[in-house]
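> Just so it is clear, I am handing over structure.cif, which has mmCIF, C-alpha atoms.
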data_protein
loop_
_atom_site.group_PDB
_atom_site.id
_atom_site.type_symbol
_atom_site.label_atom_id
_atom_site.label_comp_id
_atom_site.auth_asym_id
_atom_site.auth_seq_id
_atom_site.Cartn_x
_atom_site.Cartn_y
_atom_site.Cartn_z
ATOM 1 C CA MET T 1 13.094 4.004 -10.241
ATOM 2 C CA THR T 2 13.576 7.720 -9.815
ATOM 3 C CA GLN T 3 12.089 9.696 -6.944
ATOM 4 C CA GLU T 4 10.016 11.508 -9.577
ATOM 5 C CA GLY T 5 8.622 8.171 -10.771
ATOM 6 C CA LEU T 6 7.743 7.097 -7.227
ATOM 7 C CA ASP T 7 6.061 10.453 -6.576
ATOM 8 C CA LYS T 8 3.951 9.980 -9.727
ATOM 9 C CA LEU T 9 2.886 6.495 -8.591
ATOM 10 C CA ASN T 10 1.874 7.877 -5.179
ATOM 11 C CA LYS T 11 -0.135 10.625 -6.892
ATOM 12 C CA ASP T 12 -1.835 8.056 -9.150
ATOM 13 C CA LEU T 13 -2.686 5.963 -6.077
ATOM 14 C CA ALA T 14 -4.182 8.961 -4.260
ATOM 15 C CA GLU T 15 -6.306 9.780 -7.325
ATOM 16 C CA ALA T 16 -7.483 6.171 -7.598
ATOM 17 C CA LEU T 17 -8.378 6.056 -3.893
ATOM 18 C CA ALA T 18 -10.349 9.276 -4.335
ATOM 19 C CA GLN T 19 -12.462 7.528 -6.997
ATOM 20 C CA ARG T 20 -13.752 4.900 -4.544
ATOM 21 C CA PRO T 21 -16.563 7.078 -3.122
ATOM 22 C CA VAL T 22 -17.590 8.179 -6.629
ATOM 23 C CA ILE T 23 -17.986 4.597 -7.806
ATOM 24 C CA ALA T 24 -19.708 3.571 -4.562
ATOM 25 C CA ALA T 25 -22.226 6.377 -5.133
ATOM 26 C CA ALA T 26 -22.797 5.208 -8.728
ATOM 27 C CA ILE T 27 -23.447 1.666 -7.496
ATOM 28 C CA ALA T 28 -25.881 2.913 -4.847
ATOM 29 C CA GLU T 29 -27.711 5.046 -7.398
ATOM 30 C CA ALA T 30 -27.979 2.159 -9.853
ATOM 31 C CA ARG T 31 -29.148 -0.168 -7.056
ATOM 32 C CA GLU T 32 -32.014 2.207 -6.261
ATOM 33 C CA LYS T 33 -33.371 1.778 -9.795
ATOM 34 C CA GLY T 34 -34.745 -1.635 -9.012
ATOM 35 C CA ASP T 35 -34.155 -5.092 -10.487
ATOM 36 C CA LEU T 36 -30.387 -5.690 -10.491
ATOM 37 C CA SER T 37 -30.577 -8.676 -12.851
ATOM 38 C CA GLU T 38 -31.334 -6.417 -15.827
ATOM 39 C CA ASN T 39 -29.687 -3.207 -14.655
ATOM 40 C CA ALA T 40 -26.889 -2.280 -17.069
ATOM 41 C CA GLU T 41 -25.908 0.772 -15.006
ATOM 42 C CA TYR T 42 -25.375 -1.428 -11.969
ATOM 43 C CA ASP T 43 -23.291 -3.929 -13.948
ATOM 44 C CA ALA T 44 -21.164 -1.127 -15.421
ATOM 45 C CA ALA T 45 -20.597 0.465 -12.017
ATOM 46 C CA ARG T 46 -19.609 -2.893 -10.466
ATOM 47 C CA GLU T 47 -17.211 -3.527 -13.348
ATOM 48 C CA ALA T 48 -15.690 -0.057 -12.894
ATOM 49 C CA GLN T 49 -15.305 -0.789 -9.195
ATOM 50 C CA GLY T 50 -13.492 -4.044 -9.942
ATOM 51 C CA MET T 51 -11.138 -2.337 -12.398
ATOM 52 C CA LEU T 52 -10.429 0.450 -9.904
ATOM 53 C CA GLU T 53 -9.685 -2.008 -7.095
ATOM 54 C CA MET T 54 -7.318 -3.918 -9.397
ATOM 55 C CA LYS T 55 -5.545 -0.669 -10.309
ATOM 56 C CA ILE T 56 -5.231 0.271 -6.622
ATOM 57 C CA ALA T 57 -3.810 -3.152 -5.753
ATOM 58 C CA ASN T 58 -1.285 -2.954 -8.606
ATOM 59 C CA LEU T 59 -0.185 0.564 -7.620
ATOM 60 C CA LYS T 60 0.187 -0.438 -3.950
ATOM 61 C CA ASN T 61 2.250 -3.468 -4.966
ATOM 62 C CA THR T 62 4.482 -1.443 -7.301
ATOM 63 C CA ILE T 63 5.043 1.229 -4.628
ATOM 64 C CA ALA T 64 5.775 -1.380 -1.948
ATOM 65 C CA ASN T 65 8.401 -3.041 -4.155
ATOM 66 C CA ALA T 66 9.900 0.153 -5.597
ATOM 67 C CA LYS T 67 13.550 0.933 -5.082
ATOM 68 C CA VAL T 68 14.511 4.568 -5.575
ATOM 69 C CA ILE T 69 17.936 4.936 -7.136
ATOM 70 C CA ASP T 70 20.225 7.645 -5.803
ATOM 71 C CA GLU T 71 21.063 9.521 -8.993
ATOM 72 C CA SER T 72 24.328 10.770 -7.477
ATOM 73 C CA LEU T 73 25.592 7.172 -7.560
ATOM 74 C CA VAL T 74 24.866 6.723 -11.277
ATOM 75 C CA GLY T 75 27.982 6.988 -13.410
ATOM 76 C CA THR T 76 28.390 7.820 -17.065
ATOM 77 C CA ASP T 77 31.327 5.578 -17.962
ATOM 78 C CA LYS T 78 28.956 2.911 -19.282
ATOM 79 C CA VAL T 79 25.220 2.792 -20.004
ATOM 80 C CA GLN T 80 23.068 2.041 -16.967
ATOM 81 C CA LEU T 81 19.650 2.802 -15.551
ATOM 82 C CA LEU T 82 18.845 6.555 -15.457
ATOM 83 C CA ASN T 83 21.486 7.451 -18.067
ATOM 84 C CA LYS T 84 20.593 9.633 -21.010
ATOM 85 C CA VAL T 85 22.122 7.919 -24.037
ATOM 86 C CA LYS T 86 22.683 9.541 -27.415
ATOM 87 C CA VAL T 87 23.006 6.942 -30.173
ATOM 88 C CA LEU T 88 23.388 6.793 -33.917
ATOM 89 C CA ASN T 89 21.301 4.274 -35.824
ATOM 90 C CA VAL T 90 24.107 3.130 -38.115
ATOM 91 C CA ALA T 91 21.931 1.981 -41.036
ATOM 92 C CA ALA T 92 19.488 4.914 -40.988
ATOM 93 C CA LYS T 93 22.177 7.474 -40.045
ATOM 94 C CA GLN T 94 19.703 8.868 -37.524
ATOM 95 C CA THR T 95 20.659 10.227 -34.106
ATOM 96 C CA MET T 96 18.346 9.487 -31.166
ATOM 97 C CA GLU T 97 18.393 10.168 -27.437
ATOM 98 C CA PHE T 98 16.907 7.937 -24.776
ATOM 99 C CA THR T 99 16.817 7.998 -21.011
ATOM 100 C CA ILE T 100 16.901 4.458 -19.660
ATOM 101 C CA VAL T 101 14.210 4.174 -16.959
ATOM 102 C CA GLY T 102 12.269 1.560 -15.047
ATOM 103 C CA GLU T 103 9.295 -0.023 -16.744
ATOM 104 C CA THR T 104 6.718 2.026 -14.837
ATOM 105 C CA GLU T 105 8.324 5.305 -15.950
ATOM 106 C CA ALA T 106 8.675 4.468 -19.645
ATOM 107 C CA ASP T 107 7.233 6.948 -22.132
ATOM 108 C CA PHE T 108 8.694 6.608 -25.621
ATOM 109 C CA ALA T 109 7.136 9.907 -26.741
ATOM 110 C CA LYS T 110 9.187 11.666 -24.043
ATOM 111 C CA GLY T 111 12.353 9.711 -24.841
ATOM 112 C CA LYS T 112 12.059 7.497 -21.752
ATOM 113 C CA LEU T 113 12.929 3.950 -22.742
ATOM 114 C CA ALA T 114 12.099 1.038 -20.418
ATOM 115 C CA VAL T 115 15.116 -0.923 -19.255
ATOM 116 C CA THR T 116 13.292 -4.099 -20.352
ATOM 117 C CA THR T 117 13.106 -3.133 -24.049
ATOM 118 C CA PRO T 118 15.422 -4.829 -26.561
ATOM 119 C CA ILE T 119 17.207 -1.545 -27.357
ATOM 120 C CA ALA T 120 17.850 -0.674 -23.702
ATOM 121 C CA LYS T 121 18.994 -4.221 -22.949
ATOM 122 C CA ALA T 122 21.457 -4.029 -25.843
ATOM 123 C CA LEU T 123 22.862 -0.675 -24.685
ATOM 124 C CA LEU T 124 23.281 -1.548 -20.984
ATOM 125 C CA GLY T 125 26.881 -1.989 -19.891
ATOM 126 C CA HIS T 126 28.413 -0.561 -23.074
ATOM 127 C CA LYS T 127 30.654 2.490 -23.348
ATOM 128 C CA LYS T 128 30.763 5.591 -25.495
ATOM 129 C CA GLY T 129 32.051 4.786 -28.987
ATOM 130 C CA GLU T 130 30.951 1.151 -28.949
ATOM 131 C CA VAL T 131 28.611 -0.254 -31.591
ATOM 132 C CA VAL T 132 25.898 -2.570 -30.260
ATOM 133 C CA GLU T 133 23.245 -4.678 -31.930
ATOM 134 C CA ALA T 134 19.660 -4.687 -30.718
ATOM 135 C CA LYS T 135 17.371 -7.522 -31.757
ATOM 136 C CA VAL T 136 13.965 -5.950 -32.341
ATOM 137 C CA PRO T 137 10.841 -7.510 -33.883
ATOM 138 C CA SER T 138 11.687 -6.052 -37.305
ATOM 139 C CA GLY T 139 15.252 -7.406 -37.272
ATOM 140 C CA ILE T 140 18.614 -6.254 -35.945
ATOM 141 C CA ILE T 141 19.535 -2.596 -35.521
ATOM 142 C CA LYS T 142 23.101 -1.406 -34.963
ATOM 143 C CA PHE T 143 23.640 1.589 -32.705
ATOM 144 C CA GLU T 144 26.823 3.530 -32.064
ATOM 145 C CA ILE T 145 26.866 5.073 -28.602
ATOM 146 C CA LEU T 146 27.717 8.756 -29.085
ATOM 147 C CA ASP T 147 27.282 10.049 -25.524
ATOM 148 C CA ILE T 148 26.250 8.978 -22.019
ATOM 149 C CA SER T 149 25.079 11.535 -19.468
ATOM 150 C CA LEU T 150 22.723 12.068 -16.538
#
Produce structure tokens that represent the structure in this file.

Amino acid sequence: MTQEGLDKLNKDLAEALAQRPVIAAAIAEAREKGDLSENAEYDAAREAQGMLEMKIANLKNTIANAKVIDESLVGTDKVQLLNKVKVLNVAAKQTMEFTIVGETEADFAKGKLAVTTPIAKALLGHKKGEVVEAKVPSGIIKFEILDISL
């Protein structure tokens, strides 16, 4: 993962931790309204608390297991994690650019393609000028690698 990606996860964790007192206050307020067995506000607040705690646990786990890649060590002789890859969809004659990133940083709308996707898996390890096939749910797509950069 990039340092930028790790920083975003840490920010998300801080925001989630800041929500704990808000949810605790909502639970306390709902509890004051009486009978908890038929209190929808209380149930909703407890459910929100459970979801928040799960999110916090997942973020802590992801951060604890994250490995930040030194971008200065990433080459451009073949496609690898953190490379920006310009490809030509051979059949559609359409040029696309992707940056291959870790799963937690993926954002297709921003051109960030998770390393675990079929297209990224197909591109990894190949060089500029090579044609690769990616098996996607709709079939097989052929890509020519036009450029690899950082």
> Looking at T:Val136, T:Ala64, T:Leu150, T:Ala30, which one is nearest to Asn10 in chain T, with distances taken over only C-alpha atoms?
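Using only C-alpha atoms, Asn10 in chain T sits closest to T:Ala64.
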> Could you tell me, as a CSV table (one decimal) with C-alpha atoms, in the coordinates of the input, exactly which residues end up selected when the PyMOL selection byres ((chain T and resi 148) around 7) is applied to this structure?

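Generated output (selection-v6.csv):
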chain,number,residue,atom,x,y,z
T,76,THR,CA,28.4,7.8,-17.1
T,79,VAL,CA,25.2,2.8,-20.0
T,83,ASN,CA,21.5,7.5,-18.1
T,84,LYS,CA,20.6,9.6,-21.0
T,85,VAL,CA,22.1,7.9,-24.0
T,86,LYS,CA,22.7,9.5,-27.4
T,128,LYS,CA,30.8,5.6,-25.5
T,147,ASP,CA,27.3,10.0,-25.5
T,149,SER,CA,25.1,11.5,-19.5
> Mind giving me the straight-line distance from CA of Met54 in chain T to CA of Glu38 in chain T in Å, one decimal?
25.0 Å
> Quick one: distance from CA of Lys67 in chain T to CA of Lys8 in chain T in Å, one decimal?
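Interatomic distance, CA of Lys67 in chain T to CA of Lys8 in chain T: 14.0 Å.
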> Take CA of Ala122 in chain T and CA of Gln94 in chain T and report the distance between them in Å, one decimal.
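One can read the CA of Ala122 in chain T to CA of Gln94 in chain T distance as 17.5 Å.
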> When the PyMOL selection byres ((chain T and resi 4) around 12) is applied to the structure above, which residues does it catch, written out as a ChimeraX atom specification?
/T:1-3,5-11,68-71,82,101-102,104-105
> Write out as a list in words which residues come within 10 Å of Ala48 in chain T when counting all atoms listed in the file, dropping same-chain ones fewer than 6 positions away.
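Non-adjacent residues within range: Arg20, Ile23, Ala24, Ala26, Ile27, Tyr42 and Met54 of chain T.
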> So that I can check the surroundings of Leu59 in chain T, please list as a short mmCIF file (atom, residue, chain, number, x, y, z; two decimals) with C-alpha atoms, in the frame of the given file every protein, DNA and RNA residue that reaches within 10 Å of it, counting only C-alpha atoms and ignoring chain neighbours fewer than 6 positions away.

data_model
loop_
_atom_site.label_atom_id
_atom_site.label_comp_id
_atom_site.auth_asym_id
_atom_site.auth_seq_id
_atom_site.Cartn_x
_atom_site.Cartn_y
_atom_site.Cartn_z
CA LEU T 9 2.89 6.50 -8.59
CA ASN T 10 1.87 7.88 -5.18
CA ASP T 12 -1.84 8.06 -9.15
CA LEU T 13 -2.69 5.96 -6.08
CA ALA T 14 -4.18 8.96 -4.26
CA ALA T 16 -7.48 6.17 -7.60
CA GLU T 53 -9.68 -2.01 -7.10
CA ASN T 65 8.40 -3.04 -4.16
#
> On this file, the PyMOL selection byres ((chain T and resi 143) around 6) gives some set of residues; write that set as a count of residues only.
8
> With distances taken over all atoms listed in the file, which of T:Lys121, T:Lys60, T:Lys55, T:Lys93 is nearest to Leu81 in chain T?
T:Lys121
> T:Ile140, T:Ile100, T:Ala91, T:Ala25: which is nearest Arg46 in chain T, counting all atoms listed in the file?
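Counting all atoms listed in the file, the residue closest to Arg46 in chain T is T:Ala25.
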> Would you be able to write out as a PyMOL selection string which residues have an atom within 8 Å of (14.0, 7.4, -24.0) in the file's coordinates, counting all atoms listed in the file?
chain T and resi 84+97-101+106-114
> Identify which of the residues T:Asp77, T:Glu29, T:Glu133, T:Glu47 lies closest to Ala120 in chain T, counting only C-alpha atoms when measuring atom-to-atom distances.
T:Glu133
> Range 75-79 of chain T, all listed atoms, 3 Å padding on each side: what axis-aligned box centre and edge lengths in Å to one decimal come out, as AutoDock Vina command-line options?

--center_x 28.3 --center_y 5.3 --center_z -16.7 --size_x 12.1 --size_y 11.0 --size_z 12.6
